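Novice: Supplied in structure tokens, the structure appears directly below.
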Amino acid sequence: MNTTIWSLAGIGAVALVTFLLGYVGSRKANTTPDFLVARRSVPATRNAAAISGEYLSAASFLGVAGLVLKDGIDALWYPIGFTAGYLALLLFVAAPLRRSGAYTLPDFAEARLGSTNLRHFCTFFVVCIGVLYLVPQLQSAGLTLTTITGLPSWIGALAVTVIVVVNVLGGGMRAITLVQAFQYWGKLFAIAAPTFVLFVVFLASPSQGTQPIDDNGVMRFPKSEVVEIKESVRLRVTEPMTLRAEGTVDGAPANGSVYWREGRYEIGPNTKLSFTAGSPVPVVDGAPPNNDSWMRPQVGGIWNLFETYSLIFATFLGTMGLPHVLVRFYTNPDGKAARRTALHVLYLLGLFYLFPTVLGVLSRLYLPRLLVNGKTDAAVLMLPEAMVPNLGGQILGAIIAAGAFAAFLSTSSGLVVSVAGVVSTDIMPGKVRDFRWATVFTGMVAIGLALLLPRSDASLTVAMSFALAASTFCPLLVLGIWWRGLTWVGAVCGMIIGGGAVITAYALSVVSSYTGHWAPGVFTQPALITVPIAFLTMIVVSKATRRRRPQDVNQILLRLHAPDPLGFIKDRDIARFGTAEEKARLAESKPRGSTRSL
Amino acid sequence: MSTAEHTPTDSAPDAQKWVDVQNSPDFAQLKHRLRSFVFPVSGLFLAWYLIYVLLADYAHGFMSTKVVGNINVGLILGLLQFVSTFVITTLYVRHANKNLDPLAEKLRHELEGDAS
């Protein structure tokens with residue numbers, strides 16, 4: 001009970017500070033550019049902290065540790081990929097994109113290829129990626145609240161949605177930049193401090209409370225333990241064992257002592273399994289069953305290889321297509337600052353990911369029961385109490401819970417801002433009031449989907465939106481910036497085929513998760529196939545429709561790659577959103593600024 | 001939304017200026033410097049990733065060679081993935097600041113004159 005109070009207090013504090021920062025920031029934010037790109041006057045270091053703050057989502061805060069607990073070394077590809085994506089972003093798109101002067105991805109697409117049709121497709125995919133990314137945030141918020149308080153999970157999801165929407169309504173992007181930068185340091189503290197303490201606890205008493213791992217590397221429960229299973233899971237048993245089960249096993253009701261030989265067992269919802277001390281730990285199907293395979297990378301053969309490559313592809317190429325990350329690069333004053341920002345982001349992310357990895361390894365020693373019920377995402381939340389069962393552990397737990405909430409809040413805010421920004425400027429007339437309606441609308445769609453879709457590991461769902469970004473915007477950006485032959489028809493075809501393939505794969509894997517897990521791994525990790533397809537389609541169709549190449553393509557590419565302050569649609573934006581002062585300056589410098597004709 | 005706000009104000013001399021810059025050796029040089037860094041480096045980087053996974057999959061013996069205590073070759077190579085990401089990023093930023101920016105700056109002055 002005490003834990004609950006401490007954690008709720010921590011979460012409340014995070015929410016309050018988020019509100020206050022948003023309020024302070026919002027008193028100055030009134031015009032549209034204020035809302036969308038904070039007038040491009042954010043310093044690189046703060047912007048980098050803000051990008052990292054926004055980027056470190058539920059998948060990073062909870063998911064990475066959970067996957068390390070479950071999958072071992074293979075899970076390290078997630079943090080490596082999440083970080084390396086920024087390298088690709090930096091090398092291929094950061095500076096040219098910033099020079100383009102576009103506010104949003106659709107802006108960029110339209111300016112580069114001169115087609116409003118393409119613009120609409122881009123808008124559609126920005127909304128898809130944004131919402132797909134929002135869903136695991138909200139679901140994880142639900143999981144966190146359930147873990148702490150036992151309340152139903154929709155309350156947590158709803159709370160996050162409401163806080164984010166209200167905050168975004170209050171101040172838009174400028175407020176958010178400040179909030180995000182604060183969030184990064186908050187999150188870093190919230191994960192680093194407990195990691196240090198718990199690691200010291202571990203060093204001081206390495207064997208206390210941990211399960212002995214026998215010579216064969218089989219994990220065993222250190223003491224008798226009752227595991228409650230809320231959602232159905234499939235368990236894999238590698239050594240015969242006896243246990244008590246109350247509930248449903250393999251579709252039949254079970255009540256009492258059962259004997260399990262090697263094999264797979266389907267456990268129904270609301271089942272209680274009681275293990276005796278020393279009995280081996282059965283693990284969810286698909287996870288490495290013993291410590292040897294957990295420690296060794298790649299034991300699953302060719303399919304595992306495929307999935308890992310696919311994941312690398314998705315994260316490496318998908319980061320550049322994430323709307324909430326890109327929109328932040330527009331807030332840099334110039335291309336040079338955009339590069340500096342990307343570099344800082346890499347350092348900040350690399351620093352952060354050290355900690356969830358350590359926590360994941362520790363939780364393997366202290367929380368084997370999470371391997372049984374499959375809720376490995378909760379590992380970080382439950383570890384402090386499992387290791388330090390007193391007030392100290394409760395306070396650490398509260399710090400982590402607050403940090404997790406900070407993660408949901410910051411990522412969700414960034415996503416809502418960028419999705420609402422695109423919706424309001426593309427579908428509505430782009431006034432401040434439209435931005436507000438778009439915000440409310442985005443929040444409602446996201447919460448609806450979060451409640452409807454089945455919950456899986458946050459990192460997996462997030463990887464799916466990376467795959468979608470990698471199969472749509474990555475080819476558009478890379479080819480658009482580096483290849484003069486791209487046409488809007490090619491871009492549209494590539495995005496439809498690449499994006500369509502990912503969405504289909506995702507839909508099929510959701511269906512399969514309801515109807516007996518028949519879909520192979522390709523469906524949850526499709527990037528290795530869909531990204532090359534998207535690139536190929538764009539190139540082939542562009543070649544076939546050569547006549548549609550924009551006439552001023554050389555000029556556009558020149559502006560993308562050469563001098564910094566010549567942004568080619570900056571002036572349009574000033575004409576649309578700018579203050580009177582800016583418009584006057586624009587009028588003075590007309591001959592230089594708006595040479596682009598359509 | 002369309003880009004109807006664009007006023008086609010291309011005055012001929014101005015458009016000519018763009019073409020000049022486009023054809024100037026400086027711009028060709030800039031493009032060359034950028035491409036000759038970005039593409040090989042990203043190719044190398046991806047290859048390094050993919051080779052690591054391949055090794056992990058098919059060279060168990062090599063990867064589990066113990067170096068110090070429990071630390072094996074696989075673990076060290078894995079950590080190097082992180083390190084190499086940082087190294088490449090730092091190299092690129094340095095390259096851009098030293099070799100790309102001055103040239104871009106020069107082009108910009110040619111385009112805009114000293115008026116701005």
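FYI, nothing fancy with the structure tokens labels: chains A, B, ... in order, residues from 1 per chain, ligands from 1 as they appear.
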Could you tell me, as a PyMOL selection string, which residues of range 17-75 of chain B DSSP assigns to alpha helix (DSSP H) when given the backbone?
Specialist: chain B and resi 17-23+25-58+60-63+73-75
Novice: For Thr439 in chain A, work out the shell of residues within 9 Å, counting only C-alpha atoms and skipping chain neighbours fewer than 4 positions away, then give it as a PyMOL selection string.
Specialist: chain A and resi 165+168-169+416-417+419-421+423-424+434-435+443-444
Novice: Could the residues in this selection be saved with N, CA and C atoms as a tab-separated table (two decimals), in the first residue's frame?
Specialist:
chain	number	residue	atom	x	y	z
A	165	VAL	N	-3.11	16.14	-23.90
A	165	VAL	CA	-3.96	16.99	-24.74
A	165	VAL	C	-4.11	18.37	-24.11
A	168	VAL	N	-0.80	20.30	-24.53
A	168	VAL	CA	-0.55	20.73	-25.91
A	168	VAL	C	-1.51	21.86	-26.28
A	169	LEU	N	-2.75	21.73	-25.84
A	169	LEU	CA	-3.72	22.79	-26.11
A	169	LEU	C	-3.24	24.11	-25.53
A	416	VAL	N	1.60	13.90	-30.41
A	416	VAL	CA	0.34	14.62	-30.61
A	416	VAL	C	0.61	15.94	-31.31
A	417	VAL	N	1.68	16.64	-30.90
A	417	VAL	CA	1.99	17.92	-31.54
A	417	VAL	C	2.25	17.72	-33.03
A	419	VAL	N	1.45	15.16	-35.08
A	419	VAL	CA	0.29	14.70	-35.83
A	419	VAL	C	-0.73	15.83	-35.96
A	420	ALA	N	-1.00	16.52	-34.86
A	420	ALA	CA	-1.97	17.60	-34.91
A	420	ALA	C	-1.48	18.73	-35.82
A	421	GLY	N	-0.16	18.97	-35.81
A	421	GLY	CA	0.38	20.01	-36.67
A	421	GLY	C	0.12	19.70	-38.13
A	423	VAL	N	-2.17	17.55	-39.34
A	423	VAL	CA	-3.61	17.52	-39.62
A	423	VAL	C	-4.15	18.94	-39.76
A	424	SER	N	-3.71	19.84	-38.87
A	424	SER	CA	-4.30	21.18	-38.91
A	424	SER	C	-3.83	21.97	-40.11
A	434	ASP	N	-7.64	25.47	-35.35
A	434	ASP	CA	-7.66	24.16	-36.01
A	434	ASP	C	-6.67	23.22	-35.35
A	435	PHE	N	-5.53	23.80	-34.98
A	435	PHE	CA	-4.52	23.00	-34.31
A	435	PHE	C	-5.10	22.40	-33.03
A	443	GLY	N	-5.85	12.78	-29.93
A	443	GLY	CA	-5.91	12.12	-28.64
A	443	GLY	C	-7.02	11.08	-28.59
A	444	MET	N	-8.17	11.42	-29.17
A	444	MET	CA	-9.30	10.50	-29.10
A	444	MET	C	-9.06	9.24	-29.92
Novice: Could you check which of B:Ser36, B:Gly43, B:Ile51, B:Val93 is closest to chain A, using only C-alpha atoms?
Specialist: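 Result for the nearest residue to chain A: B:Val93.
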